[in-house]
Amino acid sequence: MSAPNHIFAEALMLLGGAVVAAPVFRRLGLGTVLGYLAAGALIGPVGHLITGAEDILSVAELGVVLLLFIIGLELKPSTLWRMRGDIFLLGGAQVLLGGAALTAAAIATGLVDWRGALVAGFGLALSSTAFALQILNDRNDRNSRYGQRSFSILLFQDLAIVPLLAMISILASQAEPSPSSPWVDVGVALLAVAAMVLAGRYLLNPLFQVIARTGAREVMIAAALFIVLGSALLMQISGLSMAMGAFLAGVMLAESSYRHELETDIEPFRGILQALFFMAVGLSVQFSVIIDNLAILLLAVPSVMLIKALSIYGMCRVAGSPHNDALRIAALLPQGGEFGFVLFTTAMSAGIFSGATASLLISVVTLTMALTPLTAALSMRFMSSDDHEELDEDFDGAGSDVLMIGFSRFGQIAAQILLASGRDVTILDDSADRIRQAAQFGFRIYFGDGSRLDILRAAGIEKAKIVAVCTHNRAVTDRIVELIRSEYPQVRLFVRSYDRIHSLSLRERNVEYEVRETLESGLLFGCQAIQALGVNEETARAITDDIRQRDEERLQIQAVEGLRAGSHMLFNRPVVQPEPLVKPRKTDGA
């Protein structure tokens, strides 16, 4: 037999490492990212089973490219425009202030001159898009407010790579004169972005329409990959990052009717390539550099992460983020990023600093990446318990025959019947955790407070034929009912009631239908119990129907005569002289 192809052998080791490490680290609560890093480090620099980490990393970067494409698919241009303040103001402030602080720290060390410190400071100011977004995905937090704000900062960092590369060419005293000025490079980048926007608006949808008519699914997958990689390559040629090109392609297709199919086709490639990217980072860890510069790294790594975390936290607080959100963002983005590899290698080639310095800075970036899952988990200890997490929602696509407010246990069961009948349901809930859990089962839920008029309007209450109020808190339910009754008196209200007294108060508000949350379950429970005692099914159902009818008639009487009315309709076994089952103890002085 011939010897196995080394490419397949390496691929097998990488896949095996991912299969073993990811679930183990996930079970330990450390996250899949750290598992992939550890697997890469064990396979490469520790076990020496795979060499050529740079080649693997260049291929694995496609995972980041595909991730940005999928994120772009979920961000319509209108949503992106709404985020412009966070992208340019908060993102710009993070790069400028964080870069300035890290530059000052680099100058203070005396390891590099001011030019090298400038490149090192702004290179370390950039965070890792891949690491941050993977952690957000693991937590289902990408659509949270802090997740959206974190993504805005990362997006501006991708844009900042062009002026930072131009800065290196200006600082490089030993470099050959550039045939074009930085302004020309910026102009080329803007023209490439404009070309992408025009192509997305006028070419991509017709292209997918033609391909869809063929009925060949593999051609659709090939076309999706062609669009992603082609746009990424165009942006790279123009001086921007490949990830930025893929992101723009996704945004241009966000309003396409093929959006969901494209996302489904790309997701498997994205997942495996992104896992490969994290393993390639582990493969590229230079333990020799770490050992030789251990004292410097022990000081540099926590210093970089602390400076970035404090500056990001402060800027987010100034921008209006609550303490918990600012802390989450600061703990998510303290690491160096993959663009740091590019900047430091370019600066070394330009003679701004030595190869040893570049290796040291790359080690700092790698170690901060490895520590990010731990800092993100550690930040949970400093959260304030009274902070109510909120999610961003644009309510695009909302507006159905049924608007359901509240998606706890009661609402989930009711929604199943509505959806099974073919009805479209717009679901509104204000619990971030519940929305994350429901999203795992494929439900599309909008985040919002159903007691606010602007949220109800955005959720499409004016189009709804029925509003189902399924909230579990009586006071919240009453507040929502009163608001809807005053603003939309024509709306048909179906309401979950807390208890009998609540049912009577809801009837006074003229809701069309109300039901106590325990009524039907209690009736079913009793029906099954008497069948277990020997009553036949038909008799048991007749008794249950009679009790249900008596309960309704008693409610009607109570609505007129008061809560104590209608007691003669209850089945009970009164005793002449009630006695306790256990005699009470005598107390002193009794």
# chains A, B, ... in the order shown; residues from 1 in each chain; ligands from 1
$ select_by_dssp --residues "stretch 327-468 of chain A" --states "strand (DSSP E or B)" --output "ChimeraX atom specification"
/A:391,402-405,425-429,445-447,466-468
$ residues_around --residues "A:Arg457" --least-positions-apart "4" --cutoff "12 Å" --atoms "only C-alpha atoms" --output "list in words"
Phe395, Ala398, Gly399, Leu403, Leu428, Gly448, Asp449, Gly450, Ser451, Arg452, Leu453, Ile461, Glu462, Lys463, Ala464, Leu483, Ile484, Glu487 and Tyr488 of chain A
$ write_last_selection --atoms "N, CA and C atoms" --output "compact mmCIF listing (two decimals), in the first residue's frame"
# COMPACT_ATOMS: atom_id res chain seq x y z
N PHE A 395 -37.64 45.24 13.95
CA PHE A 395 -39.05 44.89 13.66
C PHE A 395 -39.35 44.80 12.18
N ALA A 398 -42.25 42.44 10.72
CA ALA A 398 -43.31 42.23 11.71
C ALA A 398 -44.66 42.64 11.11
N GLY A 399 -45.71 42.12 11.69
CA GLY A 399 -47.05 42.46 11.20
C GLY A 399 -47.75 41.21 10.71
N LEU A 403 -50.75 39.04 16.92
CA LEU A 403 -49.63 39.60 17.66
C LEU A 403 -49.66 39.00 19.06
N LEU A 428 -43.72 38.88 20.60
CA LEU A 428 -43.01 39.97 21.27
C LEU A 428 -42.71 39.55 22.71
N GLY A 448 -38.92 43.45 22.79
CA GLY A 448 -39.59 44.71 23.05
C GLY A 448 -40.53 44.61 24.24
N ASP A 449 -40.81 45.75 24.83
CA ASP A 449 -41.71 45.86 25.97
C ASP A 449 -43.12 46.08 25.44
N GLY A 450 -43.99 45.10 25.64
CA GLY A 450 -45.35 45.17 25.11
C GLY A 450 -46.22 46.22 25.77
N SER A 451 -45.75 46.85 26.85
CA SER A 451 -46.52 47.91 27.49
C SER A 451 -46.17 49.30 26.95
N ARG A 452 -45.33 49.33 25.89
CA ARG A 452 -44.97 50.61 25.26
C ARG A 452 -45.69 50.73 23.93
N LEU A 453 -46.32 51.87 23.70
CA LEU A 453 -47.12 52.08 22.50
C LEU A 453 -46.26 52.04 21.25
N ILE A 461 -49.26 46.15 15.38
CA ILE A 461 -50.56 45.96 16.02
C ILE A 461 -51.71 46.44 15.14
N GLU A 462 -51.43 47.43 14.29
CA GLU A 462 -52.49 47.96 13.43
C GLU A 462 -52.91 46.96 12.36
N LYS A 463 -52.04 45.97 12.07
CA LYS A 463 -52.38 44.94 11.08
C LYS A 463 -52.98 43.69 11.73
N ALA A 464 -52.86 43.59 13.04
CA ALA A 464 -53.25 42.37 13.74
C ALA A 464 -54.77 42.25 13.85
N LEU A 483 -53.60 49.80 27.92
CA LEU A 483 -53.01 50.58 26.82
C LEU A 483 -53.68 50.26 25.50
N ILE A 484 -53.85 48.97 25.21
CA ILE A 484 -54.46 48.58 23.94
C ILE A 484 -55.92 49.00 23.87
N GLU A 487 -55.95 52.82 23.14
CA GLU A 487 -55.42 53.27 21.85
C GLU A 487 -56.02 52.52 20.66
N TYR A 488 -56.35 51.25 20.86
CA TYR A 488 -56.90 50.43 19.76
C TYR A 488 -58.12 49.68 20.27
$ closest_atom_pairs --of "stretch 181-280 of chain A" --to "stretch 22-45 of chain A" --cutoff "7 Å" --atoms "only C-alpha atoms" --output "CSV"
residue,atom,partner,partner_atom,distance
A:Ala275,CA,A:Tyr36,CA,6.5
A:Phe278,CA,A:Leu37,CA,5.6
A:Met279,CA,A:Gly40,CA,4.3
A:Ala280,CA,A:Gly40,CA,6.1
$ closest_atom_pairs --of "stretch 348-459 of chain A" --to "stretch 154-170 of chain A" --cutoff "12 Å" --atoms "only C-alpha atoms" --output "JSON lines"
{"residue": "A:Met348", "atom": "CA", "partner": "A:Ile168", "partner_atom": "CA", "distance": 9.9}
{"residue": "A:Ser349", "atom": "CA", "partner": "A:Ile168", "partner_atom": "CA", "distance": 10.2}
{"residue": "A:Ala350", "atom": "CA", "partner": "A:Ser169", "partner_atom": "CA", "distance": 7.5}
{"residue": "A:Gly351", "atom": "CA", "partner": "A:Ile168", "partner_atom": "CA", "distance": 9.8}
{"residue": "A:Ile352", "atom": "CA", "partner": "A:Ile168", "partner_atom": "CA", "distance": 8.1}
{"residue": "A:Phe353", "atom": "CA", "partner": "A:Ile168", "partner_atom": "CA", "distance": 11.1}
$ residues_around --residues "A:Val481" --least-positions-apart "4" --cutoff "9 Å" --atoms "only C-alpha atoms" --output "number ranges by chain"
A: 451, 469, 476-477, 485-486, 493, 495, 506, 509, 511
$ write_last_selection --atoms "all heavy atoms" --output "mmCIF file, in the first residue's frame"
data_model
loop_
_atom_site.group_PDB
_atom_site.id
_atom_site.type_symbol
_atom_site.label_atom_id
_atom_site.label_comp_id
_atom_site.auth_asym_id
_atom_site.auth_seq_id
_atom_site.Cartn_x
_atom_site.Cartn_y
_atom_site.Cartn_z
ATOM 1 N N SER A 451 -45.746 46.850 26.849
ATOM 2 C CA SER A 451 -46.521 47.912 27.495
ATOM 3 C C SER A 451 -46.169 49.297 26.949
ATOM 4 O O SER A 451 -46.636 50.298 27.474
ATOM 5 C CB SER A 451 -46.293 47.875 29.010
ATOM 6 O OG SER A 451 -44.935 48.110 29.322
ATOM 7 N N VAL A 469 -52.413 38.387 24.624
ATOM 8 C CA VAL A 469 -51.577 38.832 25.728
ATOM 9 C C VAL A 469 -51.322 37.622 26.622
ATOM 10 O O VAL A 469 -52.207 37.190 27.363
ATOM 11 C CB VAL A 469 -52.230 39.979 26.519
ATOM 12 C CG1 VAL A 469 -51.300 40.470 27.612
ATOM 13 C CG2 VAL A 469 -52.606 41.129 25.582
ATOM 14 N N VAL A 476 -48.374 43.480 34.738
ATOM 15 C CA VAL A 476 -47.936 43.761 33.363
ATOM 16 C C VAL A 476 -49.079 43.521 32.393
ATOM 17 O O VAL A 476 -49.316 44.318 31.468
ATOM 18 C CB VAL A 476 -46.709 42.890 33.011
ATOM 19 C CG1 VAL A 476 -46.351 43.034 31.536
ATOM 20 C CG2 VAL A 476 -45.524 43.264 33.887
ATOM 21 N N THR A 477 -49.791 42.424 32.586
ATOM 22 C CA THR A 477 -50.929 42.109 31.713
ATOM 23 C C THR A 477 -51.969 43.228 31.753
ATOM 24 O O THR A 477 -52.461 43.669 30.703
ATOM 25 C CB THR A 477 -51.576 40.781 32.137
ATOM 26 O OG1 THR A 477 -50.609 39.732 32.044
ATOM 27 C CG2 THR A 477 -52.769 40.446 31.258
ATOM 28 N N ARG A 485 -56.630 48.859 24.979
ATOM 29 C CA ARG A 485 -58.037 49.237 24.988
ATOM 30 C C ARG A 485 -58.214 50.741 24.747
ATOM 31 O O ARG A 485 -59.158 51.168 24.108
ATOM 32 C CB ARG A 485 -58.674 48.856 26.319
ATOM 33 C CG ARG A 485 -59.282 47.478 26.314
ATOM 34 C CD ARG A 485 -60.581 47.470 25.500
ATOM 35 N NE ARG A 485 -60.961 46.122 25.096
ATOM 36 C CZ ARG A 485 -60.786 45.618 23.894
ATOM 37 N NH1 ARG A 485 -60.189 46.330 22.959
ATOM 38 N NH2 ARG A 485 -61.194 44.420 23.594
ATOM 39 N N SER A 486 -57.278 51.558 25.263
ATOM 40 C CA SER A 486 -57.406 53.014 25.093
ATOM 41 C C SER A 486 -56.978 53.474 23.711
ATOM 42 O O SER A 486 -57.570 54.398 23.148
ATOM 43 C CB SER A 486 -56.578 53.740 26.160
ATOM 44 O OG SER A 486 -55.207 53.423 26.015
ATOM 45 N N LEU A 493 -59.031 41.226 21.772
ATOM 46 C CA LEU A 493 -58.061 40.879 22.808
ATOM 47 C C LEU A 493 -58.324 39.487 23.376
ATOM 48 O O LEU A 493 -59.411 39.199 23.881
ATOM 49 C CB LEU A 493 -58.105 41.911 23.938
ATOM 50 C CG LEU A 493 -57.180 43.122 23.823
ATOM 51 C CD1 LEU A 493 -57.450 44.082 24.971
ATOM 52 C CD2 LEU A 493 -55.729 42.682 23.829
ATOM 53 N N VAL A 495 -56.641 37.116 26.276
ATOM 54 C CA VAL A 495 -55.723 37.392 27.385
ATOM 55 C C VAL A 495 -55.578 36.181 28.299
ATOM 56 O O VAL A 495 -56.573 35.504 28.623
ATOM 57 C CB VAL A 495 -56.212 38.609 28.215
ATOM 58 C CG1 VAL A 495 -55.194 38.963 29.283
ATOM 59 C CG2 VAL A 495 -56.470 39.813 27.309
ATOM 60 N N LEU A 506 -60.632 41.362 34.072
ATOM 61 C CA LEU A 506 -60.434 41.444 32.624
ATOM 62 C C LEU A 506 -61.773 41.538 31.893
ATOM 63 O O LEU A 506 -61.901 42.241 30.882
ATOM 64 C CB LEU A 506 -59.647 40.224 32.135
ATOM 65 C CG LEU A 506 -58.155 40.197 32.509
ATOM 66 C CD1 LEU A 506 -57.530 38.855 32.145
ATOM 67 C CD2 LEU A 506 -57.400 41.325 31.812
ATOM 68 N N ARG A 509 -63.006 44.881 31.567
ATOM 69 C CA ARG A 509 -62.331 45.669 30.530
ATOM 70 C C ARG A 509 -62.768 45.257 29.128
ATOM 71 O O ARG A 509 -62.194 45.704 28.134
ATOM 72 C CB ARG A 509 -60.816 45.512 30.658
ATOM 73 C CG ARG A 509 -60.246 46.087 31.955
ATOM 74 C CD ARG A 509 -58.719 45.876 31.967
ATOM 75 N NE ARG A 509 -58.087 46.493 33.098
ATOM 76 C CZ ARG A 509 -57.908 45.907 34.279
ATOM 77 N NH1 ARG A 509 -58.359 44.661 34.467
ATOM 78 N NH2 ARG A 509 -57.308 46.531 35.268
ATOM 79 N N VAL A 511 -62.478 42.404 27.426
ATOM 80 C CA VAL A 511 -61.653 41.577 26.551
ATOM 81 C C VAL A 511 -62.551 40.512 25.934
ATOM 82 O O VAL A 511 -63.530 40.066 26.547
ATOM 83 C CB VAL A 511 -60.491 40.920 27.329
ATOM 84 C CG1 VAL A 511 -59.619 41.973 27.976
ATOM 85 C CG2 VAL A 511 -61.000 39.935 28.366
#
$ atom_distance --atom1 "atom CA of A:Gly522" --atom2 "atom CA of A:Gln437"
27.4 Å
$ select_by_dssp --residues "stretch 58-224 of chain A" --states "helix (DSSP H, G or I)" --output "ChimeraX atom specification"
/A:58-73,77-82,84-109,114-125,129-139,145-171,182-214,217-224
$ residues_around --residues "A:Thr471" --least-positions-apart "6" --cutoff "8 Å" --atoms "only C-alpha atoms" --output "ChimeraX atom specification"
/A:405-408,411,477,496
$ decode --residues "stretch 495-536 of chain A" --atoms "N, CA and C atoms" --output "PDB file, in the first residue's frame"
ATOM      1  N   VAL A 495     -56.641  37.116  26.276  1.00  0.00           N
ATOM      2  CA  VAL A 495     -55.723  37.392  27.385  1.00  0.00           C
ATOM      3  C   VAL A 495     -55.578  36.181  28.299  1.00  0.00           C
ATOM      4  N   ARG A 496     -54.343  35.928  28.711  1.00  0.00           N
ATOM      5  CA  ARG A 496     -54.054  34.917  29.732  1.00  0.00           C
ATOM      6  C   ARG A 496     -54.333  35.530  31.103  1.00  0.00           C
ATOM      7  N   SER A 497     -55.169  34.859  31.891  1.00  0.00           N
ATOM      8  CA  SER A 497     -55.552  35.363  33.203  1.00  0.00           C
ATOM      9  C   SER A 497     -54.747  34.655  34.285  1.00  0.00           C
ATOM     10  N   TYR A 498     -54.486  35.385  35.351  1.00  0.00           N
ATOM     11  CA  TYR A 498     -53.696  34.826  36.451  1.00  0.00           C
ATOM     12  C   TYR A 498     -54.552  33.935  37.352  1.00  0.00           C
ATOM     13  N   ASP A 499     -55.711  34.418  37.753  1.00  0.00           N
ATOM     14  CA  ASP A 499     -56.590  33.640  38.625  1.00  0.00           C
ATOM     15  C   ASP A 499     -58.033  34.099  38.398  1.00  0.00           C
ATOM     16  N   ARG A 500     -58.947  33.617  39.243  1.00  0.00           N
ATOM     17  CA  ARG A 500     -60.366  33.907  39.067  1.00  0.00           C
ATOM     18  C   ARG A 500     -60.653  35.402  39.222  1.00  0.00           C
ATOM     19  N   ILE A 501     -60.043  36.020  40.210  1.00  0.00           N
ATOM     20  CA  ILE A 501     -60.263  37.460  40.421  1.00  0.00           C
ATOM     21  C   ILE A 501     -59.764  38.251  39.223  1.00  0.00           C
ATOM     22  N   HIS A 502     -58.619  37.836  38.684  1.00  0.00           N
ATOM     23  CA  HIS A 502     -58.082  38.510  37.505  1.00  0.00           C
ATOM     24  C   HIS A 502     -59.020  38.343  36.309  1.00  0.00           C
ATOM     25  N   SER A 503     -59.587  37.157  36.171  1.00  0.00           N
ATOM     26  CA  SER A 503     -60.533  36.925  35.066  1.00  0.00           C
ATOM     27  C   SER A 503     -61.714  37.895  35.146  1.00  0.00           C
ATOM     28  N   LEU A 504     -62.237  38.095  36.350  1.00  0.00           N
ATOM     29  CA  LEU A 504     -63.370  39.011  36.509  1.00  0.00           C
ATOM     30  C   LEU A 504     -62.983  40.443  36.155  1.00  0.00           C
ATOM     31  N   SER A 505     -61.767  40.859  36.557  1.00  0.00           N
ATOM     32  CA  SER A 505     -61.337  42.227  36.242  1.00  0.00           C
ATOM     33  C   SER A 505     -61.107  42.401  34.744  1.00  0.00           C
ATOM     34  N   LEU A 506     -60.632  41.362  34.072  1.00  0.00           N
ATOM     35  CA  LEU A 506     -60.434  41.444  32.624  1.00  0.00           C
ATOM     36  C   LEU A 506     -61.773  41.538  31.893  1.00  0.00           C
ATOM     37  N   ARG A 507     -62.772  40.837  32.380  1.00  0.00           N
ATOM     38  CA  ARG A 507     -64.091  40.917  31.754  1.00  0.00           C
ATOM     39  C   ARG A 507     -64.691  42.309  31.894  1.00  0.00           C
ATOM     40  N   GLU A 508     -64.340  42.968  32.972  1.00  0.00           N
ATOM     41  CA  GLU A 508     -64.799  44.353  33.133  1.00  0.00           C
ATOM     42  C   GLU A 508     -64.173  45.280  32.085  1.00  0.00           C
ATOM     43  N   ARG A 509     -63.006  44.881  31.567  1.00  0.00           N
ATOM     44  CA  ARG A 509     -62.331  45.669  30.530  1.00  0.00           C
ATOM     45  C   ARG A 509     -62.768  45.257  29.128  1.00  0.00           C
ATOM     46  N   ASN A 510     -63.741  44.376  29.043  1.00  0.00           N
ATOM     47  CA  ASN A 510     -64.324  43.968  27.763  1.00  0.00           C
ATOM     48  C   ASN A 510     -63.337  43.257  26.843  1.00  0.00           C
ATOM     49  N   VAL A 511     -62.478  42.404  27.426  1.00  0.00           N
ATOM     50  CA  VAL A 511     -61.653  41.577  26.551  1.00  0.00           C
ATOM     51  C   VAL A 511     -62.551  40.512  25.934  1.00  0.00           C
ATOM     52  N   GLU A 512     -62.219  40.128  24.698  1.00  0.00           N
ATOM     53  CA  GLU A 512     -63.090  39.187  24.000  1.00  0.00           C
ATOM     54  C   GLU A 512     -63.012  37.778  24.600  1.00  0.00           C
ATOM     55  N   TYR A 513     -61.815  37.393  25.030  1.00  0.00           N
ATOM     56  CA  TYR A 513     -61.656  36.054  25.589  1.00  0.00           C
ATOM     57  C   TYR A 513     -60.536  36.078  26.616  1.00  0.00           C
ATOM     58  N   GLU A 514     -60.772  35.438  27.749  1.00  0.00           N
ATOM     59  CA  GLU A 514     -59.731  35.265  28.762  1.00  0.00           C
ATOM     60  C   GLU A 514     -59.829  33.843  29.283  1.00  0.00           C
ATOM     61  N   VAL A 515     -58.690  33.326  29.734  1.00  0.00           N
ATOM     62  CA  VAL A 515     -58.671  31.992  30.321  1.00  0.00           C
ATOM     63  C   VAL A 515     -57.597  31.953  31.398  1.00  0.00           C
ATOM     64  N   ARG A 516     -57.978  31.347  32.532  1.00  0.00           N
ATOM     65  CA  ARG A 516     -56.988  31.195  33.593  1.00  0.00           C
ATOM     66  C   ARG A 516     -55.922  30.199  33.157  1.00  0.00           C
ATOM     67  N   GLU A 517     -54.676  30.482  33.517  1.00  0.00           N
ATOM     68  CA  GLU A 517     -53.553  29.681  33.049  1.00  0.00           C
ATOM     69  C   GLU A 517     -53.601  28.244  33.554  1.00  0.00           C
ATOM     70  N   THR A 518     -54.342  27.988  34.640  1.00  0.00           N
ATOM     71  CA  THR A 518     -54.382  26.630  35.216  1.00  0.00           C
ATOM     72  C   THR A 518     -55.714  25.925  35.004  1.00  0.00           C
ATOM     73  N   LEU A 519     -56.693  26.587  34.381  1.00  0.00           N
ATOM     74  CA  LEU A 519     -58.037  26.008  34.304  1.00  0.00           C
ATOM     75  C   LEU A 519     -58.045  24.687  33.541  1.00  0.00           C
ATOM     76  N   GLU A 520     -57.635  24.719  32.277  1.00  0.00           N
ATOM     77  CA  GLU A 520     -57.734  23.521  31.444  1.00  0.00           C
ATOM     78  C   GLU A 520     -56.802  22.419  31.919  1.00  0.00           C
ATOM     79  N   SER A 521     -55.618  22.792  32.406  1.00  0.00           N
ATOM     80  CA  SER A 521     -54.710  21.757  32.910  1.00  0.00           C
ATOM     81  C   SER A 521     -55.297  21.092  34.158  1.00  0.00           C
ATOM     82  N   GLY A 522     -55.968  21.876  35.036  1.00  0.00           N
ATOM     83  CA  GLY A 522     -56.608  21.300  36.214  1.00  0.00           C
ATOM     84  C   GLY A 522     -57.758  20.382  35.844  1.00  0.00           C
ATOM     85  N   LEU A 523     -58.564  20.790  34.848  1.00  0.00           N
ATOM     86  CA  LEU A 523     -59.667  19.941  34.402  1.00  0.00           C
ATOM     87  C   LEU A 523     -59.152  18.631  33.811  1.00  0.00           C
ATOM     88  N   LEU A 524     -58.108  18.719  32.984  1.00  0.00           N
ATOM     89  CA  LEU A 524     -57.547  17.510  32.382  1.00  0.00           C
ATOM     90  C   LEU A 524     -56.968  16.591  33.451  1.00  0.00           C
ATOM     91  N   PHE A 525     -56.302  17.178  34.437  1.00  0.00           N
ATOM     92  CA  PHE A 525     -55.708  16.396  35.522  1.00  0.00           C
ATOM     93  C   PHE A 525     -56.794  15.621  36.276  1.00  0.00           C
ATOM     94  N   GLY A 526     -57.889  16.318  36.631  1.00  0.00           N
ATOM     95  CA  GLY A 526     -58.985  15.658  37.344  1.00  0.00           C
ATOM     96  C   GLY A 526     -59.640  14.586  36.512  1.00  0.00           C
ATOM     97  N   CYS A 527     -59.803  14.854  35.224  1.00  0.00           N
ATOM     98  CA  CYS A 527     -60.421  13.875  34.318  1.00  0.00           C
ATOM     99  C   CYS A 527     -59.602  12.596  34.261  1.00  0.00           C
ATOM    100  N   GLN A 528     -58.273  12.727  34.143  1.00  0.00           N
ATOM    101  CA  GLN A 528     -57.421  11.536  34.104  1.00  0.00           C
ATOM    102  C   GLN A 528     -57.432  10.798  35.442  1.00  0.00           C
ATOM    103  N   ALA A 529     -57.545  11.552  36.536  1.00  0.00           N
ATOM    104  CA  ALA A 529     -57.531  10.931  37.861  1.00  0.00           C
ATOM    105  C   ALA A 529     -58.755  10.050  38.084  1.00  0.00           C
ATOM    106  N   ILE A 530     -59.946  10.547  37.710  1.00  0.00           N
ATOM    107  CA  ILE A 530     -61.139   9.727  37.955  1.00  0.00           C
ATOM    108  C   ILE A 530     -61.192   8.527  37.003  1.00  0.00           C
ATOM    109  N   GLN A 531     -60.586   8.662  35.827  1.00  0.00           N
ATOM    110  CA  GLN A 531     -60.500   7.498  34.943  1.00  0.00           C
ATOM    111  C   GLN A 531     -59.600   6.433  35.558  1.00  0.00           C
ATOM    112  N   ALA A 532     -58.516   6.877  36.215  1.00  0.00           N
ATOM    113  CA  ALA A 532     -57.626   5.923  36.876  1.00  0.00           C
ATOM    114  C   ALA A 532     -58.329   5.223  38.031  1.00  0.00           C
ATOM    115  N   LEU A 533     -59.379   5.870  38.582  1.00  0.00           N
ATOM    116  CA  LEU A 533     -60.135   5.274  39.689  1.00  0.00           C
ATOM    117  C   LEU A 533     -61.269   4.381  39.210  1.00  0.00           C
ATOM    118  N   GLY A 534     -61.433   4.228  37.883  1.00  0.00           N
ATOM    119  CA  GLY A 534     -62.410   3.295  37.350  1.00  0.00           C
ATOM    120  C   GLY A 534     -63.558   3.911  36.591  1.00  0.00           C
ATOM    121  N   VAL A 535     -63.674   5.257  36.540  1.00  0.00           N
ATOM    122  CA  VAL A 535     -64.738   5.899  35.766  1.00  0.00           C
ATOM    123  C   VAL A 535     -64.402   5.766  34.289  1.00  0.00           C
ATOM    124  N   ASN A 536     -65.408   5.393  33.471  1.00  0.00           N
ATOM    125  CA  ASN A 536     -65.112   5.233  32.046  1.00  0.00           C
ATOM    126  C   ASN A 536     -64.867   6.591  31.383  1.00  0.00           C
TER     127      ASN A 536
END
